[in-house]
Every structure is written in structure tokens, then in C-alpha cells.
>>> print(open('structure33.txt').read())   # compact mmCIF, C-alpha atoms and all ligand atoms
# COMPACT_ATOMS: atom_id res chain seq x y z
CA MET J 1 10.81 -39.74 -1.03
CA ASN J 2 8.25 -37.01 -1.79
CA PRO J 3 9.26 -33.43 -0.94
CA LEU J 4 7.82 -31.71 2.11
CA LEU J 5 4.93 -29.48 1.06
CA LEU J 6 6.37 -26.46 2.87
CA ASP J 7 9.69 -26.79 1.02
CA VAL J 8 7.85 -26.31 -2.28
CA PRO J 9 6.65 -22.81 -3.33
CA ALA J 10 2.85 -22.53 -3.10
CA THR J 11 2.77 -21.77 -6.83
CA GLU J 12 3.92 -25.36 -7.42
CA TRP J 13 1.37 -27.08 -5.20
CA ASN J 14 -0.79 -27.43 -8.33
CA LEU J 15 -4.11 -26.92 -6.57
CA PRO J 16 -7.23 -26.78 -8.80
CA ALA J 17 -7.04 -23.43 -10.63
CA ALA J 18 -10.84 -23.13 -10.64
CA GLU J 19 -10.97 -23.32 -6.82
CA PRO J 20 -8.76 -20.50 -5.53
CA TRP J 21 -10.03 -20.95 -1.96
CA ARG J 22 -8.31 -24.36 -1.61
CA GLN J 23 -4.93 -22.84 -0.76
CA LYS J 24 -6.49 -20.89 2.11
CA GLN J 25 -8.17 -24.06 3.41
CA LEU J 26 -4.91 -25.96 3.19
CA ARG J 27 -3.06 -23.22 5.07
CA GLU J 28 -5.71 -23.20 7.81
CA TRP J 29 -5.28 -26.93 8.33
CA ILE J 30 -1.51 -26.63 8.46
CA PHE J 31 -0.97 -23.41 10.42
CA GLN J 32 -4.07 -23.12 12.60
CA LYS J 33 -5.22 -26.69 13.16
CA PHE J 34 -1.69 -28.15 12.99
CA ALA J 35 -2.80 -31.12 10.84
CA SER J 36 -0.15 -33.79 10.43
CA SER J 37 -1.70 -35.49 7.37
CA PHE J 38 -3.70 -34.46 4.31
CA ALA J 39 -6.24 -37.16 5.26
CA GLU J 40 -7.38 -35.02 8.22
CA MET J 41 -8.40 -32.12 5.96
CA SER J 42 -12.07 -32.94 5.95
CA ASN J 43 -13.25 -29.95 3.90
CA LEU J 44 -10.95 -30.81 0.98
CA PRO J 45 -12.42 -33.22 -1.58
CA ALA J 46 -11.14 -36.80 -1.21
CA PRO J 47 -9.47 -36.85 -4.68
CA LEU J 48 -7.49 -33.68 -3.82
CA ARG J 49 -6.42 -35.14 -0.47
CA SER J 50 -5.17 -38.31 -2.11
CA ASP J 51 -3.49 -36.33 -4.91
CA LEU J 52 -1.60 -34.24 -2.31
CA THR J 53 -0.72 -37.37 -0.31
CA GLY J 54 0.74 -38.89 -3.48
CA ARG J 55 2.93 -35.87 -4.23
CA PHE J 56 3.99 -34.37 -0.89
CA ARG J 57 4.83 -35.14 2.71
CA LEU J 58 3.15 -32.89 5.26
CA ALA J 59 4.66 -33.60 8.71
CA ALA J 60 8.39 -32.87 8.68
CA VAL J 61 9.01 -34.27 12.14
CA GLU J 62 7.64 -37.23 14.05
CA PRO J 63 7.87 -37.28 17.86
CA VAL J 64 9.96 -40.19 19.13
CA LYS J 65 10.17 -39.29 22.78
CA ILE J 66 8.86 -36.53 25.06
CA GLN J 67 10.51 -35.92 28.42
CA GLY J 68 8.80 -33.77 31.04
CA SER J 69 5.15 -32.95 31.63
CA GLU J 70 2.66 -30.33 30.49
CA ASP J 71 3.43 -28.02 33.43
CA THR J 72 7.19 -28.23 33.14
CA THR J 73 9.84 -27.95 30.47
CA ARG J 74 9.27 -30.64 27.87
CA LYS J 75 12.05 -31.90 25.70
CA ILE J 76 10.91 -33.40 22.41
CA LEU J 77 13.04 -35.77 20.37
CA TRP J 78 11.97 -35.84 16.71
CA ARG J 79 12.78 -38.14 13.87
CA LEU J 80 13.09 -36.58 10.41
CA GLY J 81 12.19 -38.21 7.09
CA ASP J 82 15.75 -39.50 6.61
CA GLY J 83 15.86 -40.99 10.12
CA SER J 84 18.00 -38.18 11.63
CA LEU J 85 17.19 -37.19 15.19
CA LEU J 86 16.54 -33.68 16.36
CA GLU J 87 15.49 -31.85 19.50
CA SER J 88 13.17 -29.03 20.47
CA VAL J 89 12.35 -27.85 23.98
CA LEU J 90 8.97 -26.44 25.08
CA ILE J 91 9.36 -24.09 28.03
CA PRO J 92 6.32 -22.67 29.87
CA ALA J 93 6.89 -19.29 31.55
CA ASN J 94 6.04 -20.62 34.99
CA PRO J 95 6.88 -24.30 35.07
CA GLY J 96 5.31 -26.07 38.00
CA ARG J 97 2.09 -24.05 38.09
CA ALA J 98 -0.20 -26.99 37.55
CA GLY J 99 -2.76 -26.73 34.76
CA ASP J 100 -1.89 -23.13 33.85
CA ARG J 101 -2.48 -23.14 30.11
CA SER J 102 -2.32 -19.34 29.89
CA ALA J 103 1.42 -19.26 30.73
CA ARG J 104 3.50 -18.06 27.83
CA LEU J 105 5.13 -20.87 25.94
CA THR J 106 8.60 -20.64 24.45
CA LEU J 107 9.90 -23.18 21.98
CA CYS J 108 13.62 -23.70 21.49
CA ILE J 109 14.24 -25.05 17.99
CA SER J 110 17.13 -26.66 16.14
CA SER J 111 18.48 -25.50 12.80
CA GLN J 112 20.89 -28.28 11.82
CA VAL J 113 21.45 -31.97 12.49
CA GLY J 114 24.62 -31.88 14.60
CA CYS J 115 26.91 -28.87 14.50
CA ALA J 116 30.27 -28.08 12.92
CA TYR J 117 31.33 -25.43 15.40
CA GLY J 118 32.52 -27.68 18.20
CA CYS J 119 32.05 -25.38 21.20
CA ARG J 120 33.82 -27.39 23.86
CA PHE J 121 31.01 -27.40 26.41
CA CYS J 122 28.22 -28.42 24.02
CA ALA J 123 26.82 -31.88 23.39
CA SER J 124 25.52 -30.95 19.92
CA GLY J 125 29.01 -30.46 18.57
CA LEU J 126 30.36 -33.75 19.94
CA GLU J 127 29.67 -35.78 16.85
CA GLY J 128 30.07 -33.09 14.23
CA TRP J 129 27.78 -31.67 11.58
CA ARG J 130 25.51 -33.92 9.53
CA ARG J 131 23.28 -31.62 7.52
CA ASN J 132 21.27 -28.43 7.38
CA LEU J 133 17.58 -28.57 8.13
CA THR J 134 15.25 -27.49 5.37
CA ALA J 135 12.87 -24.58 6.01
CA ALA J 136 9.99 -27.08 6.32
CA GLU J 137 11.90 -29.03 8.96
CA ILE J 138 12.51 -25.84 10.96
CA VAL J 139 8.85 -24.79 10.72
CA GLY J 140 7.82 -28.43 11.28
CA GLN J 141 9.24 -28.34 14.82
CA VAL J 142 6.91 -25.43 15.63
CA LEU J 143 3.87 -27.16 14.11
CA GLY J 144 4.73 -30.48 15.78
CA ALA J 145 5.24 -28.81 19.17
CA ALA J 146 1.93 -26.96 18.73
CA ARG J 147 0.22 -30.32 18.18
CA ILE J 148 1.76 -31.64 21.38
CA ALA J 149 1.03 -28.50 23.44
CA GLY J 150 -2.45 -28.02 21.96
CA ARG J 151 -1.57 -24.45 20.98
CA ARG J 152 0.89 -22.29 19.11
CA PRO J 153 4.06 -21.32 21.03
CA ASP J 154 4.29 -17.59 21.88
CA ASN J 155 8.05 -17.20 21.52
CA LEU J 156 10.61 -19.00 19.38
CA VAL J 157 14.30 -19.18 20.12
CA PHE J 158 16.76 -20.64 17.64
CA MET J 159 19.03 -22.03 20.32
CA GLY J 160 18.74 -25.78 19.81
CA MET J 161 21.06 -28.00 17.88
CA GLY J 162 23.17 -26.34 15.18
CA GLU J 163 24.38 -22.86 14.27
CA PRO J 164 21.36 -21.05 12.74
CA LEU J 165 23.50 -18.55 10.84
CA ALA J 166 25.38 -21.37 9.10
CA ASN J 167 22.02 -22.26 7.56
CA LEU J 168 20.97 -18.69 6.80
CA PRO J 169 18.92 -19.12 3.56
CA ARG J 170 16.75 -21.88 5.12
CA LEU J 171 16.53 -19.97 8.40
CA CYS J 172 15.26 -16.86 6.58
CA ALA J 173 12.72 -18.88 4.58
CA ALA J 174 11.49 -20.52 7.80
CA MET J 175 11.27 -17.16 9.61
CA GLU J 176 9.17 -15.81 6.78
CA THR J 177 6.67 -18.69 7.10
CA LEU J 178 6.71 -18.43 10.89
CA THR J 179 5.98 -14.69 10.93
CA SER J 180 3.71 -14.38 7.89
CA PRO J 181 -0.03 -13.88 8.57
CA GLU J 182 -0.56 -16.54 5.89
CA GLY J 183 1.75 -18.85 7.79
CA VAL J 184 2.14 -19.44 11.53
CA GLY J 185 1.69 -15.72 12.25
CA ILE J 186 4.04 -15.26 15.22
CA GLY J 187 5.23 -11.63 15.50
CA ALA J 188 8.88 -11.24 14.44
CA ARG J 189 9.75 -9.61 17.76
CA HIS J 190 8.93 -12.96 19.41
CA LEU J 191 11.72 -14.69 17.46
CA THR J 192 15.29 -14.78 18.76
CA VAL J 193 18.16 -16.00 16.61
CA SER J 194 21.18 -17.19 18.53
CA THR J 195 24.68 -17.43 17.10
CA SER J 196 28.08 -18.58 18.26
CA GLY J 197 29.47 -15.55 16.45
CA LEU J 198 29.54 -15.80 12.63
CA ALA J 199 30.40 -12.14 12.04
CA PRO J 200 29.66 -11.87 8.27
CA GLN J 201 26.31 -13.64 8.64
CA ILE J 202 25.34 -11.35 11.54
CA GLU J 203 25.77 -8.45 9.12
CA GLU J 204 23.70 -10.34 6.51
CA LEU J 205 20.99 -10.96 9.08
CA ALA J 206 20.89 -7.25 9.86
CA LYS J 207 19.62 -6.70 6.29
CA VAL J 208 16.75 -9.22 6.62
CA PRO J 209 13.47 -7.36 7.25
CA GLY J 210 11.72 -7.95 10.56
CA GLN J 211 12.15 -6.91 14.16
CA PHE J 212 13.49 -10.27 15.39
CA ARG J 213 16.09 -10.41 18.13
CA LEU J 214 19.71 -11.53 18.23
CA ALA J 215 21.38 -13.46 21.05
CA LEU J 216 25.15 -13.80 20.93
CA SER J 217 26.66 -16.84 22.62
CA LEU J 218 29.62 -14.91 23.97
CA HIS J 219 30.81 -17.15 26.84
CA ALA J 220 34.05 -15.17 27.33
CA GLY J 221 35.11 -11.53 27.41
CA THR J 222 38.61 -11.99 25.97
CA ASN J 223 39.93 -13.73 22.86
CA GLN J 224 42.32 -15.71 25.01
CA THR J 225 39.50 -17.41 26.92
CA ARG J 226 37.06 -17.55 24.00
CA ASP J 227 39.67 -19.30 21.82
CA LYS J 228 39.87 -22.08 24.41
CA ILE J 229 36.18 -22.91 24.43
CA MET J 230 34.83 -21.70 21.07
CA PRO J 231 36.93 -22.58 18.00
CA VAL J 232 34.81 -20.14 15.92
CA ASN J 233 36.61 -17.32 17.73
CA ARG J 234 39.83 -18.02 15.83
CA LYS J 235 38.03 -17.19 12.61
CA TYR J 236 35.93 -14.33 13.94
CA PRO J 237 37.69 -12.89 17.00
CA LEU J 238 36.06 -10.26 19.16
CA GLU J 239 37.48 -7.38 17.12
CA LYS J 240 35.44 -8.67 14.13
CA LEU J 241 32.47 -9.98 16.08
CA ILE J 242 31.59 -6.95 18.19
CA PRO J 243 31.54 -4.51 15.20
CA ALA J 244 29.30 -6.99 13.31
CA CYS J 245 26.89 -6.95 16.27
CA GLU J 246 27.03 -3.16 16.19
CA VAL J 247 25.82 -3.28 12.56
CA PHE J 248 22.87 -5.44 13.70
CA VAL J 249 22.01 -3.20 16.65
CA ARG J 250 22.10 -0.08 14.45
CA ALA J 251 19.96 -1.68 11.73
CA LYS J 252 17.31 -3.11 14.03
CA ARG J 253 17.47 -0.57 16.86
CA LYS J 254 17.15 -3.49 19.22
CA MET J 255 19.06 -4.50 22.28
CA ILE J 256 20.94 -7.76 21.87
CA THR J 257 21.55 -10.38 24.52
CA PHE J 258 24.81 -12.02 25.46
CA GLU J 259 24.46 -15.64 26.51
CA TYR J 260 27.23 -16.62 28.92
CA ILE J 261 27.59 -20.19 30.14
CA LEU J 262 29.58 -20.11 33.38
CA LEU J 263 32.26 -22.79 33.50
CA LYS J 264 34.21 -23.39 36.68
CA ASP J 265 37.82 -22.09 36.57
CA LEU J 266 37.55 -21.37 32.85
CA ASN J 267 35.50 -18.23 32.29
CA ASP J 268 34.19 -17.41 35.78
CA ASP J 269 36.96 -15.00 36.80
CA PRO J 270 35.74 -11.46 37.63
CA ALA J 271 38.39 -10.10 35.20
CA GLU J 272 36.52 -11.90 32.39
CA ALA J 273 33.28 -10.29 33.57
CA ARG J 274 34.91 -6.85 33.39
CA ALA J 275 35.84 -7.53 29.74
CA VAL J 276 32.23 -8.56 29.02
CA VAL J 277 31.03 -5.33 30.65
CA ARG J 278 33.05 -3.34 28.08
CA HIS J 279 31.39 -5.21 25.16
CA ALA J 280 27.94 -4.90 26.77
CA ARG J 281 28.33 -1.14 27.21
CA ARG J 282 29.42 -0.72 23.61
CA LEU J 283 26.39 -2.65 22.30
CA HIS J 284 23.89 -1.77 25.06
CA ALA J 285 23.56 -5.51 25.53
CA LYS J 286 22.08 -7.34 28.48
CA VAL J 287 23.67 -10.50 29.78
CA ASN J 288 22.20 -13.90 30.58
CA LEU J 289 24.46 -15.87 32.89
CA ILE J 290 23.84 -19.61 32.66
CA PRO J 291 25.60 -21.81 35.20
CA TYR J 292 26.79 -24.85 33.26
CA ASN J 293 24.71 -28.05 33.09
CA ASN J 294 26.97 -31.06 33.48
CA VAL J 295 27.17 -33.03 30.22
CA GLU J 296 28.13 -36.68 30.32
CA GLY J 297 31.47 -37.18 28.60
CA LEU J 298 32.58 -33.54 28.92
CA PRO J 299 35.09 -32.42 31.57
CA TYR J 300 33.52 -29.08 32.58
CA GLU J 301 31.86 -28.16 35.86
CA ARG J 302 29.38 -25.63 37.17
CA PRO J 303 31.01 -22.89 39.31
CA THR J 304 30.16 -22.70 43.00
CA GLU J 305 27.29 -20.42 44.09
CA PRO J 306 29.67 -17.82 45.64
CA ALA J 307 31.67 -17.74 42.36
CA ILE J 308 28.44 -17.19 40.38
CA ARG J 309 27.40 -14.34 42.70
CA ARG J 310 30.88 -12.78 42.53
CA PHE J 311 30.74 -12.84 38.74
CA GLN J 312 27.26 -11.33 38.61
CA LYS J 313 28.25 -8.57 41.05
CA VAL J 314 30.78 -7.18 38.52
CA PHE J 315 27.84 -6.39 36.19
CA ARG J 316 25.68 -4.98 38.96
CA ASP J 317 28.50 -2.67 40.08
CA ALA J 318 28.98 -1.51 36.47
CA GLY J 319 25.26 -0.87 35.94
CA VAL J 320 24.92 -3.57 33.24
CA GLU J 321 21.86 -5.81 33.40
CA ALA J 322 22.92 -9.42 34.03
CA THR J 323 20.53 -12.12 35.20
CA VAL J 324 21.39 -15.63 36.27
CA ARG J 325 19.23 -18.04 34.32
CA ARG J 326 18.57 -21.27 36.10
CA GLU J 327 18.13 -23.78 33.31
CA LYS J 328 14.54 -24.87 33.51
CA GLY J 329 15.33 -28.17 31.89
CA HIS J 330 18.28 -28.94 34.17
CA ASP J 331 16.74 -32.23 35.25
CA ILE J 332 15.85 -33.40 31.75
CA ASP J 333 19.09 -33.24 29.80
CA ALA J 334 18.50 -29.67 28.69
CA ALA J 335 22.01 -28.99 27.46
CA CYS J 336 21.47 -28.86 23.73
CA GLY J 337 22.02 -32.12 21.91
CA GLN J 338 22.12 -34.21 25.05
CA LEU J 339 18.91 -36.16 24.58
CA ARG J 340 19.75 -36.92 20.96
CA LEU J 341 23.21 -38.15 21.92
CA ARG J 342 21.82 -40.38 24.60
CA GLU J 343 19.19 -41.80 22.25
CA GLU J 344 21.70 -42.47 19.50
CA LYS J 345 23.92 -44.36 21.89
CA THR J 346 21.08 -46.68 22.86
CA ALA J 347 19.06 -48.72 20.39
CA LEU J 348 16.36 -46.61 18.81
CA PRO J 349 12.81 -47.70 18.22
CA SER J 350 12.25 -47.76 14.47
S1 LIG M 1 26.86 -24.17 21.26
FE1 LIG M 1 25.72 -23.94 19.32
S2 LIG M 1 27.34 -23.40 17.81
FE2 LIG M 1 28.40 -24.25 19.60
S3 LIG M 1 28.63 -26.45 19.11
FE3 LIG M 1 26.74 -26.21 20.30
S4 LIG M 1 25.11 -26.04 18.77
FE4 LIG M 1 27.08 -25.62 17.73
>>> encode(input="structure33.txt", output="C-alpha cells", more="lines below")
Ligand code: SF4
Amino acid sequence: MNPLLLDVPATEWNLPAAEPWRQKQLREWIFQKFASSFAEMSNLPAPLRSDLTGRFRLAAVEPVKIQGSEDTTRKILWRLGDGSLLESVLIPANPGRAGDRSARLTLCISSQVGCAYGCRFCASGLEGWRRNLTAAEIVGQVLGAARIAGRRPDNLVFMGMGEPLANLPRLCAAMETLTSPEGVGIGARHLTVSTSGLAPQIEELAKVPGQFRLALSLHAGTNQTRDKIMPVNRKYPLEKLIPACEVFVRAKRKMITFEYILLKDLNDDPAEARAVVRHARRLHAKVNLIPYNNVEGLPYERPTEPAIRRFQKVFRDAGVEATVRREKGHDIDAACGQLRLREEKTALPS
């Protein structure tokens, strides 16, 4: 199988040396017109198009299924070159406002096929890790989603399938292409990297240039509770994790976000919230509370509305910002990895 063009350094594309403008044309087709084949590149000479087609693949992802409509959250199931399945989610700022194409568009992207971290509440971890995505496959989700949406997404969140920081070199290469003016050109501050808590890699990420954001999937305030739902906590408990986040906050001078999935009778006790308040104060973090989305095959439940309000009140009383995020994709299998799991269990179109 030919390599993906965007996984090969531009110096090795072997474009005609006498025509230095060809690289710019190629980039315009890829990053501004979101071309999915070299054949579409009408201002490139036919022999060059066929030469590129013979040496490289352009589209890293092929849409297999799209759930949802233009005005709502759309979940996209992709197939990669090796047949693996992957998900991205397109989220308009105001879903339901019919025909509003000016609404800001956020794309949630995946960084690995499957995931090794096995957070108990997550569908992506159910069948383990298969492989890292290449940088071109990460960027390819953005280009593919732009083709579907008819425009470039405004914000990118690395919160789909996989642990982005377990694929740090490819993630950094992809972020460079995504933020570069010669690439997709999305401002770094519109990128959010989410992690389950790989402390050493958080410190590594702090050294990567760019004002991107960090979201920590905290999901518990104490080691005792976090150990139960996130195996990664045994390796990097809170006493390692919180100082690593401090390094990031100091380096970037940016507020971080705690993501907190609320699970009935597991992490929804106000005492847990008080522990989170202490971490949030130390890091000046804000908190996103996400009432759990039921996942087929997993035993967890969403807390009751009064329990959610009781939990949120602890933050309000402590003066820490905590919003309850109603999952916009609740009705379309938005828990990460759910659509892929469902598709893999049924026969797939080939
Ligand atoms: S929540 Fe993230 S890190 Fe945890 S298993 Fe799911 S994809 Fe992996």
C-alpha cells in the first residue's frame, strides 16, 4: 500500500524542481479545497497527477456511516486504509437551529484505534488497543469532516477514541499541520488535548510550542475512587498527576479543564466533589460535569437530577466554575467508541 502523502515530509514528495509553485497548489487543494484525490487537482498537469496517484494515497479516511443531520451533532464512522474503523464527531455550537451555517463547529477526533487504558465507563477501551493513528490519519479526520460539513471546523478536541498522549509524536506532528498557515491553519488556542492522566507526557506536552489547551479526564477527586474506574491512576496517582498539570499550567499560562463523568453511586458523592474542588483551586481549573451516557454492555448509570444538582452545588459554594454539560450526541451513541463497537458487531459493508 502506498504511504499517505501527509505522512511523508514535503521534501520527499519529489515535485518538479523547476516548478516551485506546485507544492503551494497541492497544499491549497488539500487544506483549503479538501480534495480527496489527486485527480481533482485540475490545475496540476495530468502527468503529475498520475505520478502522485501512483506513489501516494491522499485521503486517509473514508466515511462509512454518518449519523445525525447538518443542524445537529453528527457522528462519522471512518474506515482507514487497513480496514480499521474510527470515529469523529462534528458538533455545531447551537444544534437544532435549522440552516445556521455560521454556528461554530467543533470536531472531536480520535488518536488511536481502540485504547489500552481501559477506563471502566468507556466503550473505546472495551476491546483494547489496536494501533496508533499516523499524523496523516489524525489530520485526515479534520479534512474528511470539512468535506462533509462544507467548511473547516473552528475548534478541535482530541477526545475521541484513544489516549492522545500515548501517541505523542504523531499527535505533535498532526498538531503542527493543523495549526500551520501552510497546513489547515486553525489557531492553536482552538485545539484541546484531552488525557486520562499520563503524568510524564503532560510534562512533555508542556514543552511543545503553541497555546493549545489541556483537558484532564479526572472523573474522581480521590485515588480510592479513581483507582476503581481508571486503571491509569495506579500508575500515575493524583500526587503525580496534579503536579504534572501544574507544570503545564505554568508553562502555557492557560487554565485547564477537568472533565468529570458523573456515575451513579460511584463518584457522585459530595465528598468527592470537595476533593475535586481542592485540585481545581490548586490548578485554577474549571470543571465540566458530564452526566453519564448509558453504554450497552457496561453496568454504570447516570445519577438522578437531584444528585447532579447536589454535586454541582459543592463547586458553586466553593466559588469554582463547574458547568453541567448535556451531551449533545446523547441520542446518537455519543459515548466515545460506541458507534464503532456497534458497527463491528454487525456485518460491515466492504
Ligand atoms: S476514556 Fe479515553 S483513555 Fe479512557 S479508555 Fe476511553 S478512550 Fe481510553
>>> residues_near_ligand(input="structure33.txt", ligand="ligand LIG 1 (chain M)", cutoff="6 Å", atoms="all atoms listed in the file", output="compact mmCIF listing (two decimals) with C-alpha atoms, in the coordinates of the input")
# COMPACT_ATOMS: atom_id res chain seq x y z
CA CYS J 115 26.91 -28.87 14.50
CA TYR J 117 31.33 -25.43 15.40
CA GLY J 118 32.52 -27.68 18.20
CA CYS J 119 32.05 -25.38 21.20
CA CYS J 122 28.22 -28.42 24.02
CA SER J 124 25.52 -30.95 19.92
CA GLY J 125 29.01 -30.46 18.57
CA MET J 161 21.06 -28.00 17.88
CA GLY J 162 23.17 -26.34 15.18
CA GLU J 163 24.38 -22.86 14.27
CA SER J 196 28.08 -18.58 18.26
>>> closest_residue(input="structure33.txt", among="J:Val113, J:Val193, J:Val249, J:Ala17", to="Leu165 of chain J", atoms="only C-alpha atoms")
J:Val193
>>> closest_residue(input="structure33.txt", among="J:Leu238, J:Val320, J:Leu6, J:Leu263", to="Val139 of chain J", atoms="all atoms listed in the file")
J:Leu6
>>> residues_near_point(input="structure33.txt", point="(21.9, -15.8, 33.4)", cutoff="6 Å", atoms="all atoms listed in the file", output="ChimeraX atom specification")
/J:288-290,323-325
>>> write_last_selection(input="structure33.txt", atoms="C-alpha atoms", output="PDB file, in the frame of the given file")
ATOM      1  CA  ASN J 288      22.200 -13.900  30.580  1.00  0.00           C
ATOM      2  CA  LEU J 289      24.460 -15.870  32.890  1.00  0.00           C
ATOM      3  CA  ILE J 290      23.840 -19.610  32.660  1.00  0.00           C
ATOM      4  CA  THR J 323      20.530 -12.120  35.200  1.00  0.00           C
ATOM      5  CA  VAL J 324      21.390 -15.630  36.270  1.00  0.00           C
ATOM      6  CA  ARG J 325      19.230 -18.040  34.320  1.00  0.00           C
TER       7      ARG J 325
END
>>> closest_residue(input="structure33.txt", among="J:Pro270, J:Ala244, J:Arg282, J:Ile229", to="Glu204 of chain J", atoms="all atoms listed in the file")
J:Ala244
>>> residues_around(input="structure33.txt", residues="Lys24 of chain J", least_positions_apart="5", cutoff="12 Å", atoms="all atoms listed in the file", output="ChimeraX atom specification")
/J:10,15,19,29-32,43-44,181-183
>>> residues_around(input="structure33.txt", residues="Leu218 of chain J", least_positions_apart="6", cutoff="9 Å", atoms="only C-alpha atoms", output="PyMOL selection string")
chain J and resi 195-197+226+258-261+276
>>> atom_distance(input="structure33.txt", atom1="atom CA of Leu58 of chain J", atom2="atom CA of Phe38 of chain J")
7.1 Å
>>> residues_near_point(input="structure33.txt", point="(33.2, -28.8, 27.2)", cutoff="12 Å", atoms="all atoms listed in the file", output="MDAnalysis selection string")
chainID J and resid 118:126 219 228:231 261:264 266:267 292:302 335
>>> atom_distance(input="structure33.txt", atom1="atom CA of Ala273 of chain J", atom2="atom CA of Gln312 of chain J")
7.9 Å
>>> atom_distance(input="structure33.txt", atom1="atom CA of Leu241 of chain J", atom2="atom CA of Leu216 of chain J")
9.6 Å
>>> closest_residue(input="structure33.txt", among="J:Pro306, J:Pro16, J:Gly160, J:Pro291", to="Arg326 of chain J", atoms="all atoms listed in the file")
J:Pro291
>>> closest_atom_pairs(input="structure33.txt", of="segment 105-142 of chain J", to="segment 70-89 of chain J", cutoff="8 Å", atoms="only C-alpha atoms", output="JSON lines")
{"residue": "J:Leu107", "atom": "CA", "partner": "J:Val89", "partner_atom": "CA", "distance": 5.6}
{"residue": "J:Cys108", "atom": "CA", "partner": "J:Val89", "partner_atom": "CA", "distance": 5.0}
{"residue": "J:Ile109", "atom": "CA", "partner": "J:Ser88", "partner_atom": "CA", "distance": 4.8}
{"residue": "J:Ser110", "atom": "CA", "partner": "J:Ser88", "partner_atom": "CA", "distance": 6.3}
{"residue": "J:Val113", "atom": "CA", "partner": "J:Leu86", "partner_atom": "CA", "distance": 6.5}
{"residue": "J:Glu137", "atom": "CA", "partner": "J:Leu80", "partner_atom": "CA", "distance": 7.8}
{"residue": "J:Gln141", "atom": "CA", "partner": "J:Ser88", "partner_atom": "CA", "distance": 6.9}
>>> closest_residue(input="structure33.txt", among="J:Leu4, J:Leu205, J:Leu48, J:Leu191", to="Leu178 of chain J", atoms="all atoms listed in the file")
J:Leu191
>>> residues_around(input="structure33.txt", residues="Ala135 of chain J", least_positions_apart="3", cutoff="7 Å", atoms="only C-alpha atoms", output="VMD selection string")
chain J and resid 7 138 to 139 170 to 171 173 to 174
>>> residues_around(input="structure33.txt", residues="Ala39 of chain J", least_positions_apart="6", cutoff="9 Å", atoms="all atoms listed in the file", output="JSON, numbers by chain")
{"J": [46, 49, 50, 53]}
>>> residues_around(input="structure33.txt", residues="Ala271 of chain J", least_positions_apart="3", cutoff="12 Å", atoms="all atoms listed in the file", output="PDB file with C-alpha atoms, keeping the file's coordinate frame")
ATOM      1  CA  ALA J 220      34.050 -15.170  27.330  1.00  0.00           C
ATOM      2  CA  GLY J 221      35.110 -11.530  27.410  1.00  0.00           C
ATOM      3  CA  THR J 222      38.610 -11.990  25.970  1.00  0.00           C
ATOM      4  CA  THR J 225      39.500 -17.410  26.920  1.00  0.00           C
ATOM      5  CA  LEU J 266      37.550 -21.370  32.850  1.00  0.00           C
ATOM      6  CA  ASN J 267      35.500 -18.230  32.290  1.00  0.00           C
ATOM      7  CA  ASP J 268      34.190 -17.410  35.780  1.00  0.00           C
ATOM      8  CA  ARG J 274      34.910  -6.850  33.390  1.00  0.00           C
ATOM      9  CA  ALA J 275      35.840  -7.530  29.740  1.00  0.00           C
ATOM     10  CA  VAL J 276      32.230  -8.560  29.020  1.00  0.00           C
ATOM     11  CA  VAL J 277      31.030  -5.330  30.650  1.00  0.00           C
ATOM     12  CA  ARG J 278      33.050  -3.340  28.080  1.00  0.00           C
ATOM     13  CA  ARG J 310      30.880 -12.780  42.530  1.00  0.00           C
ATOM     14  CA  PHE J 311      30.740 -12.840  38.740  1.00  0.00           C
ATOM     15  CA  GLN J 312      27.260 -11.330  38.610  1.00  0.00           C
ATOM     16  CA  LYS J 313      28.250  -8.570  41.050  1.00  0.00           C
ATOM     17  CA  VAL J 314      30.780  -7.180  38.520  1.00  0.00           C
ATOM     18  CA  PHE J 315      27.840  -6.390  36.190  1.00  0.00           C
TER      19      PHE J 315
END
>>> build_atoms(input="structure33.txt", residues="segment 51-65 of chain J", atoms="N, CA and C atoms", output="PDB file, in the coordinates of the input")
ATOM      1  N   ASP J  51      -4.474 -36.877  -3.968  1.00  0.00           N
ATOM      2  CA  ASP J  51      -3.490 -36.330  -4.910  1.00  0.00           C
ATOM      3  C   ASP J  51      -2.319 -35.694  -4.144  1.00  0.00           C
ATOM      4  N   LEU J  52      -2.661 -34.893  -3.104  1.00  0.00           N
ATOM      5  CA  LEU J  52      -1.600 -34.240  -2.310  1.00  0.00           C
ATOM      6  C   LEU J  52      -0.763 -35.294  -1.579  1.00  0.00           C
ATOM      7  N   THR J  53      -1.437 -36.306  -1.039  1.00  0.00           N
ATOM      8  CA  THR J  53      -0.720 -37.370  -0.310  1.00  0.00           C
ATOM      9  C   THR J  53       0.263 -38.078  -1.245  1.00  0.00           C
ATOM     10  N   GLY J  54      -0.118 -38.203  -2.514  1.00  0.00           N
ATOM     11  CA  GLY J  54       0.740 -38.890  -3.480  1.00  0.00           C
ATOM     12  C   GLY J  54       1.939 -38.056  -3.920  1.00  0.00           C
ATOM     13  N   ARG J  55       1.855 -36.738  -3.719  1.00  0.00           N
ATOM     14  CA  ARG J  55       2.930 -35.870  -4.230  1.00  0.00           C
ATOM     15  C   ARG J  55       3.817 -35.261  -3.144  1.00  0.00           C
ATOM     16  N   PHE J  56       3.249 -35.098  -1.935  1.00  0.00           N
ATOM     17  CA  PHE J  56       3.990 -34.370  -0.890  1.00  0.00           C
ATOM     18  C   PHE J  56       3.946 -35.113   0.442  1.00  0.00           C
ATOM     19  N   ARG J  57       4.937 -34.772   1.294  1.00  0.00           N
ATOM     20  CA  ARG J  57       4.830 -35.140   2.710  1.00  0.00           C
ATOM     21  C   ARG J  57       4.418 -33.890   3.473  1.00  0.00           C
ATOM     22  N   LEU J  58       3.597 -34.065   4.516  1.00  0.00           N
ATOM     23  CA  LEU J  58       3.150 -32.890   5.260  1.00  0.00           C
ATOM     24  C   LEU J  58       3.952 -32.712   6.558  1.00  0.00           C
ATOM     25  N   ALA J  59       3.964 -33.737   7.416  1.00  0.00           N
ATOM     26  CA  ALA J  59       4.660 -33.600   8.710  1.00  0.00           C
ATOM     27  C   ALA J  59       6.157 -33.798   8.508  1.00  0.00           C
ATOM     28  N   ALA J  60       6.929 -32.780   8.878  1.00  0.00           N
ATOM     29  CA  ALA J  60       8.390 -32.870   8.680  1.00  0.00           C
ATOM     30  C   ALA J  60       9.055 -33.627   9.809  1.00  0.00           C
ATOM     31  N   VAL J  61       8.409 -33.634  10.967  1.00  0.00           N
ATOM     32  CA  VAL J  61       9.010 -34.270  12.140  1.00  0.00           C
ATOM     33  C   VAL J  61       8.002 -35.201  12.801  1.00  0.00           C
ATOM     34  N   GLU J  62       8.522 -36.276  13.362  1.00  0.00           N
ATOM     35  CA  GLU J  62       7.640 -37.230  14.050  1.00  0.00           C
ATOM     36  C   GLU J  62       8.189 -37.378  15.471  1.00  0.00           C
ATOM     37  N   PRO J  63       7.334 -37.187  16.495  1.00  0.00           N
ATOM     38  CA  PRO J  63       7.870 -37.280  17.860  1.00  0.00           C
ATOM     39  C   PRO J  63       8.273 -38.710  18.200  1.00  0.00           C
ATOM     40  N   VAL J  64       9.477 -38.870  18.743  1.00  0.00           N
ATOM     41  CA  VAL J  64       9.960 -40.190  19.130  1.00  0.00           C
ATOM     42  C   VAL J  64       9.881 -40.337  20.632  1.00  0.00           C
ATOM     43  N   LYS J  65      10.133 -39.227  21.324  1.00  0.00           N
ATOM     44  CA  LYS J  65      10.170 -39.290  22.780  1.00  0.00           C
ATOM     45  C   LYS J  65       9.886 -37.897  23.335  1.00  0.00           C
TER      46      LYS J  65
END
